[in-house]
Amino acid sequence: MLWPPEWSFLPHALNNFRGTLMVVAPPDRGKTTLIRLLTSFFVSQGKKVGWVDSDLGQSNVGPPTTVGMIMVSKKFPLSLRERLFTPYFRFVGDVTPEKRIEATALYAAELAKMASSKSQVTLIDTCGLIFSLSGLRLKMLKMKSIKPELVLGIGYDEEFEVLKKFYGDQFWTLPPSSQTSRKDYEKRRSYRERLFSLYFSSGKTWEMGWENFRFFSPYHPYFFLQEYQLSDGTPTFKFSSTFSLILSAFPEEKVNNKCRVINPSSLLFSICGLYTERGEEVGLGIIQNINEENKTVAVKGIRINPGKPEALVPGVTKINAKSPDIEQ
């Protein structure tokens, strides 16, 4: 892989680098290109590299809606299949982190820690959400929790003024590469469709009871504290004495300030995380059918890791039942 002229100084500057390096930039600045160049460079030095991808919408490691990680040692570049079906992933449930900032930052830090324990160099790819309050907050949370030895921002000094003040001399600004190409919304959407289509192409369908639903991810205490019961025939999830959630097609019933109501049909075609009872990632699935009479759900899913799927967490992103089109 050839380095763009604007970044040609990096192999010399990073020749003796060990530790964690994060790349941040707005869209279409070449973050993933830089991550690939750095991975190839460090692997050529005989170093083991952990690549953490926290770009939920344009994933290069793991499927969209997840933070993914993969280890790279001798073989690079890796095939799309090797990167897509990594066993190291955390389900966030959306293709943008804007409403899932804490989960995205937490999972990126968790996988970065895992990668660092197995490698000499850990590389963190990030999403293009940056020049907004939520974007800055997300990047700062990642920097604070991961504590990378170096952050590379692709752009201009004035764009990164806040982050440079926040992270000091450990934040370097790189000029954008003239070789970078733009991807419009349709290209980004088409890329996600392709990844989802490949990921679920060999999936199997199985049936689970509604009691297997979880509406919070494993980092949230409610994942473990919920109690399922039928209250007058209505599925109810009790989380505490002050909060419960009911599945009902008639939201006007039993609504008060202590209840959240979800129409079961609204969960159809949602991408969902599959977990063991202890909250360990098993794989991903798509909710294909909701049977309100039998209180069951049909899920087409992929088991990447060993374990029985016993918990089902619906995400925000949906896939059309008849095509891999993404609905947000």
# chains A, B, ... in the order shown; residues from 1 in each chain; ligands from 1
$ select_by_dssp --residues "region 58-126 of chain A" --states "alpha helix (DSSP H)" --output "list in words"
Leu80, Arg81, Glu82, Arg83, Leu84, Ile101, Glu102, Ala103, Thr104, Ala105, Leu106, Tyr107, Ala108, Ala109, Glu110, Leu111, Ala112, Lys113, Met114, Ala115, Ser116, Ser117 and Lys118 of chain A
$ write_last_selection --atoms "C-alpha atoms" --output "compact mmCIF listing (two decimals), in the first residue's frame"
# COMPACT_ATOMS: atom_id res chain seq x y z
CA LEU A 80 -14.15 -9.00 4.05
CA ARG A 81 -15.46 -12.25 5.55
CA GLU A 82 -12.67 -12.42 8.11
CA ARG A 83 -13.39 -8.85 9.20
CA LEU A 84 -17.18 -9.10 9.08
CA ILE A 101 -22.91 7.75 22.88
CA GLU A 102 -22.22 6.08 26.23
CA ALA A 103 -22.63 2.55 24.82
CA THR A 104 -20.40 3.30 21.81
CA ALA A 105 -17.63 4.81 23.94
CA LEU A 106 -17.87 2.08 26.59
CA TYR A 107 -17.72 -0.76 24.08
CA ALA A 108 -14.86 0.86 22.15
CA ALA A 109 -12.91 1.13 25.41
CA GLU A 110 -13.70 -2.46 26.36
CA LEU A 111 -12.50 -3.86 23.02
CA ALA A 112 -9.47 -1.53 23.00
CA LYS A 113 -8.45 -2.94 26.38
CA MET A 114 -8.87 -6.48 25.05
CA ALA A 115 -6.85 -5.66 21.93
CA SER A 116 -4.07 -4.03 23.96
CA SER A 117 -3.69 -7.17 26.05
CA LYS A 118 -3.04 -9.19 22.88
$ residues_around --residues "region 67-75 of chain A" --least-positions-apart "5" --cutoff "8 Å" --atoms "only C-alpha atoms" --output "PyMOL selection string"
chain A and resi 39+43-44+46-56+59+61-62+83+86+88-92+104+107-108+111-112+115+118-119
$ write_last_selection --atoms "C-alpha atoms" --output "short mmCIF file (atom, residue, chain, number, x, y, z; two decimals), in the first residue's frame"
data_model
loop_
_atom_site.label_atom_id
_atom_site.label_comp_id
_atom_site.auth_asym_id
_atom_site.auth_seq_id
_atom_site.Cartn_x
_atom_site.Cartn_y
_atom_site.Cartn_z
CA THR A 39 -1.97 -1.72 10.10
CA VAL A 43 2.46 -5.73 10.64
CA SER A 44 5.41 -5.37 8.24
CA GLY A 46 6.51 -7.84 12.86
CA LYS A 47 4.12 -6.29 15.36
CA LYS A 48 0.74 -7.72 16.28
CA VAL A 49 -2.04 -5.18 15.71
CA GLY A 50 -5.49 -4.92 17.25
CA TRP A 51 -7.92 -3.05 14.98
CA VAL A 52 -10.99 -1.63 16.77
CA ASP A 53 -13.70 -0.21 14.51
CA SER A 54 -16.26 2.02 16.26
CA ASP A 55 -17.85 3.43 13.09
CA LEU A 56 -21.32 1.91 13.51
CA SER A 59 -18.08 -0.85 9.63
CA VAL A 61 -14.68 -4.83 11.29
CA GLY A 62 -17.90 -6.51 12.36
CA ARG A 83 -13.39 -8.85 9.20
CA THR A 86 -15.14 -11.36 13.89
CA TYR A 88 -15.07 -9.76 19.02
CA PHE A 89 -18.02 -7.38 18.74
CA ARG A 90 -20.42 -5.38 20.88
CA PHE A 91 -23.97 -4.64 19.69
CA VAL A 92 -25.00 -0.98 19.93
CA THR A 104 -20.40 3.30 21.81
CA TYR A 107 -17.72 -0.76 24.08
CA ALA A 108 -14.86 0.86 22.15
CA LEU A 111 -12.50 -3.86 23.02
CA ALA A 112 -9.47 -1.53 23.00
CA ALA A 115 -6.85 -5.66 21.93
CA LYS A 118 -3.04 -9.19 22.88
CA SER A 119 -1.00 -6.79 20.71
#
$ atom_distance --atom1 "CA of Tyr191 (chain A)" --atom2 "CA of Ile35 (chain A)"
18.6 Å
$ closest_residue --among "A:Ser248, A:Ser217, A:Ile319, A:Ile286" --to "Asp232 (chain A)" --atoms "only C-alpha atoms"
A:Ser248
$ select_by_dssp --residues "region 87-304 of chain A" --states "strand (DSSP E or B)" --output "PyMOL selection string"
chain A and resi 88-91+121-125+150-154+171-174+204-209+213+227-231+234-240+243-247+259-262+270-275+281-291+296-303
